[in-house]
Amino acid sequence: MPIDFSLKVAHPLYQDLIVETIENLAQMYPAAPLRKVLVYLQESAKNCADCANRSLGDATEPGAIRLNGYWFSKPPSALYSAGEADDFMPNLPKIRWHGGLPQPGQVMVHEFFHILRDGLGQDAEEFSKEMWLKATSEPEIVFSGYSLYNPSEWWAESGAALVLGENSNPQVIALAKFLTAIIAKDGTEGLTIPFDPSKHPRGPGGEFRKGH
Ligand SMILES: [Zn+2]
């Protein structure tokens, strides 16, 4: 089923990038029941409970990725400066909150993986719970600090790391193996990643970074 994109309020520099990134992901992982992708503006919210929302995006509505217009209606420089807030964890000095991945790739893949997990059902739930439990007892093995929040965020954070080219973290490698096995079940060979990280620079002068 085609994905419905509602990007009227997205900054022109994001419009093609959002479609291209999401279409690539949907092709890689057809098991994700993604129906729509939208950029929303808080001003149009019915009540103002959401007005101070500075999150980059969410997948709280089933089948939908919602990207926050607070960031996505502005030029990419706004997100670049937000990337600077990807601080190291206070008690885990080598681990960043989102692993230091480039934006907006990180948020788009992260939200896509929430949808993918819904589509893969119990196997993916059990796998992410097992990996998350392991991480909570051995936190220095996670790719990002936010992975420790719950099994669902572990899955989404590790998925973003995988798609954006992390290939040395043991938990991300475990996720790659898990996904490859599922894809192989459907008759597709291996796991390919048609993703161009150079379109998601980390910040002014910043290089795309592998790992932490
Ligand atoms: Zn999430």
# chains A, B, ... in the order shown; residues from 1 in each chain; ligands from 1

call {"tool": "select_by_dssp", "arguments": {"residues": "region 128-162 of chain A", "states": "alpha helix (DSSP H)", "output": "ChimeraX atom specification"}}
result
/A:128-137,151-162

call {"tool": "closest_atom_pairs", "arguments": {"of": "chain A", "to": "ligand 1", "cutoff": "9 Å", "atoms": "only C-alpha atoms and all ligand atoms", "output": "CSV"}}
result
residue,atom,partner,partner_atom_place_in_ligand_line,distance
A:Gly57,CA,ligand 1,1 (Zn),8.2
A:Asp58,CA,ligand 1,1 (Zn),6.4
A:Ala59,CA,ligand 1,1 (Zn),7.2
A:Thr60,CA,ligand 1,1 (Zn),8.8
A:Val107,CA,ligand 1,1 (Zn),8.4
A:His110,CA,ligand 1,1 (Zn),6.2
A:Glu111,CA,ligand 1,1 (Zn),6.0
A:Phe113,CA,ligand 1,1 (Zn),8.4
A:His114,CA,ligand 1,1 (Zn),6.6
A:Tyr146,CA,ligand 1,1 (Zn),8.5
A:Ser147,CA,ligand 1,1 (Zn),9.0
A:Ser152,CA,ligand 1,1 (Zn),6.9
A:Glu153,CA,ligand 1,1 (Zn),4.9
A:Trp154,CA,ligand 1,1 (Zn),8.3
A:Trp155,CA,ligand 1,1 (Zn),8.5
A:Ala156,CA,ligand 1,1 (Zn),5.8
A:Glu157,CA,ligand 1,1 (Zn),7.3

call {"tool": "select_by_dssp", "arguments": {"residues": "region 3-205 of chain A", "states": "strand (DSSP E or B)", "output": "PyMOL selection string"}}
result
chain A and resi 4-6+36-40+57-58+64-68+88-89+92-96

call {"tool": "closest_atom_pairs", "arguments": {"of": "region 94-139 of chain A", "to": "region 2-23 of chain A", "cutoff": "9 Å", "atoms": "only C-alpha atoms", "output": "CSV"}}
result
residue,atom,partner,partner_atom,distance
A:Pro104,CA,A:Ile18,CA,8.6
A:Gly105,CA,A:Thr21,CA,7.7
A:Met108,CA,A:Ile22,CA,7.3
A:Val109,CA,A:Ile22,CA,7.9
A:Phe112,CA,A:Ile22,CA,7.7

call {"tool": "write_last_selection", "arguments": {"atoms": "N, CA and C atoms", "output": "CSV table (one decimal), in the first residue's frame"}}
result
chain,number,residue,atom,x,y,z
A,104,PRO,N,18.7,14.3,9.9
A,104,PRO,CA,17.5,13.7,10.5
A,104,PRO,C,17.4,12.2,10.3
A,105,GLY,N,18.4,11.6,9.8
A,105,GLY,CA,18.3,10.1,9.5
A,105,GLY,C,18.0,9.4,10.8
A,108,MET,N,14.3,9.6,11.8
A,108,MET,CA,13.4,8.9,10.8
A,108,MET,C,13.5,7.4,10.9
A,109,VAL,N,14.7,6.9,11.0
A,109,VAL,CA,14.9,5.4,11.1
A,109,VAL,C,14.4,4.9,12.4
A,112,PHE,N,10.7,4.7,12.3
A,112,PHE,CA,10.3,3.7,11.4
A,112,PHE,C,10.4,2.3,12.1

call {"tool": "atom_distance", "arguments": {"atom1": "CA of Pro102 (chain A)", "atom2": "CA of Gly121 (chain A)"}}
result
28.3 Å

call {"tool": "residues_around", "arguments": {"residues": "Phe178 (chain A)", "least_positions_apart": "3", "cutoff": "12 Å", "atoms": "only C-alpha atoms", "output": "list in words"}}
result
Leu120, Asp123, Ala124, Glu125, Glu126, Phe127, Ser128, Met131, Trp155, Ser158, Gly159, Leu162, Gln171, Val172, Ile173, Ala174, Leu175, Ala181, Ile182, Ile183, Ala184, Lys185, Gly190 and Leu191 of chain A

call {"tool": "atom_distance", "arguments": {"atom1": "CA of Leu101 (chain A)", "atom2": "CA of Gly145 (chain A)"}}
result
12.3 Å

call {"tool": "residues_around", "arguments": {"residues": "Gly100 (chain A)", "least_positions_apart": "2", "cutoff": "7 Å", "atoms": "only C-alpha atoms", "output": "VMD selection string"}}
result
chain A and resid 86 96 98 102 212

call {"tool": "write_last_selection", "arguments": {"atoms": "N, CA and C atoms", "output": "PDB file, in the first residue's frame"}}
result
ATOM      1  N   ASP A  86      23.276  15.974  21.909  1.00  0.00           N
ATOM      2  CA  ASP A  86      23.421  14.521  22.016  1.00  0.00           C
ATOM      3  C   ASP A  86      24.600  14.200  22.942  1.00  0.00           C
ATOM      4  N   ARG A  96      26.661   8.131  24.055  1.00  0.00           N
ATOM      5  CA  ARG A  96      25.842   9.327  23.866  1.00  0.00           C
ATOM      6  C   ARG A  96      24.360   8.963  23.936  1.00  0.00           C
ATOM      7  N   HIS A  98      21.836   9.550  21.912  1.00  0.00           N
ATOM      8  CA  HIS A  98      21.367   8.908  20.680  1.00  0.00           C
ATOM      9  C   HIS A  98      22.531   8.327  19.879  1.00  0.00           C
ATOM     10  N   PRO A 102      23.830  10.820  12.803  1.00  0.00           N
ATOM     11  CA  PRO A 102      23.447  12.047  12.099  1.00  0.00           C
ATOM     12  C   PRO A 102      21.934  12.219  12.039  1.00  0.00           C
ATOM     13  N   HIS A 212      30.793   5.101  18.406  1.00  0.00           N
ATOM     14  CA  HIS A 212      30.741   6.184  19.375  1.00  0.00           C
ATOM     15  C   HIS A 212      32.068   6.896  19.456  1.00  0.00           C
TER      16      HIS A 212
END

call {"tool": "atom_distance", "arguments": {"atom1": "CA of Arg35 (chain A)", "atom2": "CA of Pro62 (chain A)"}}
result
8.7 Å

call {"tool": "closest_residue", "arguments": {"among": "A:Ile141, A:Ala52, A:Ala161, A:Leu79", "to": "Leu92 (chain A)", "atoms": "only C-alpha atoms"}}
result
A:Ile141
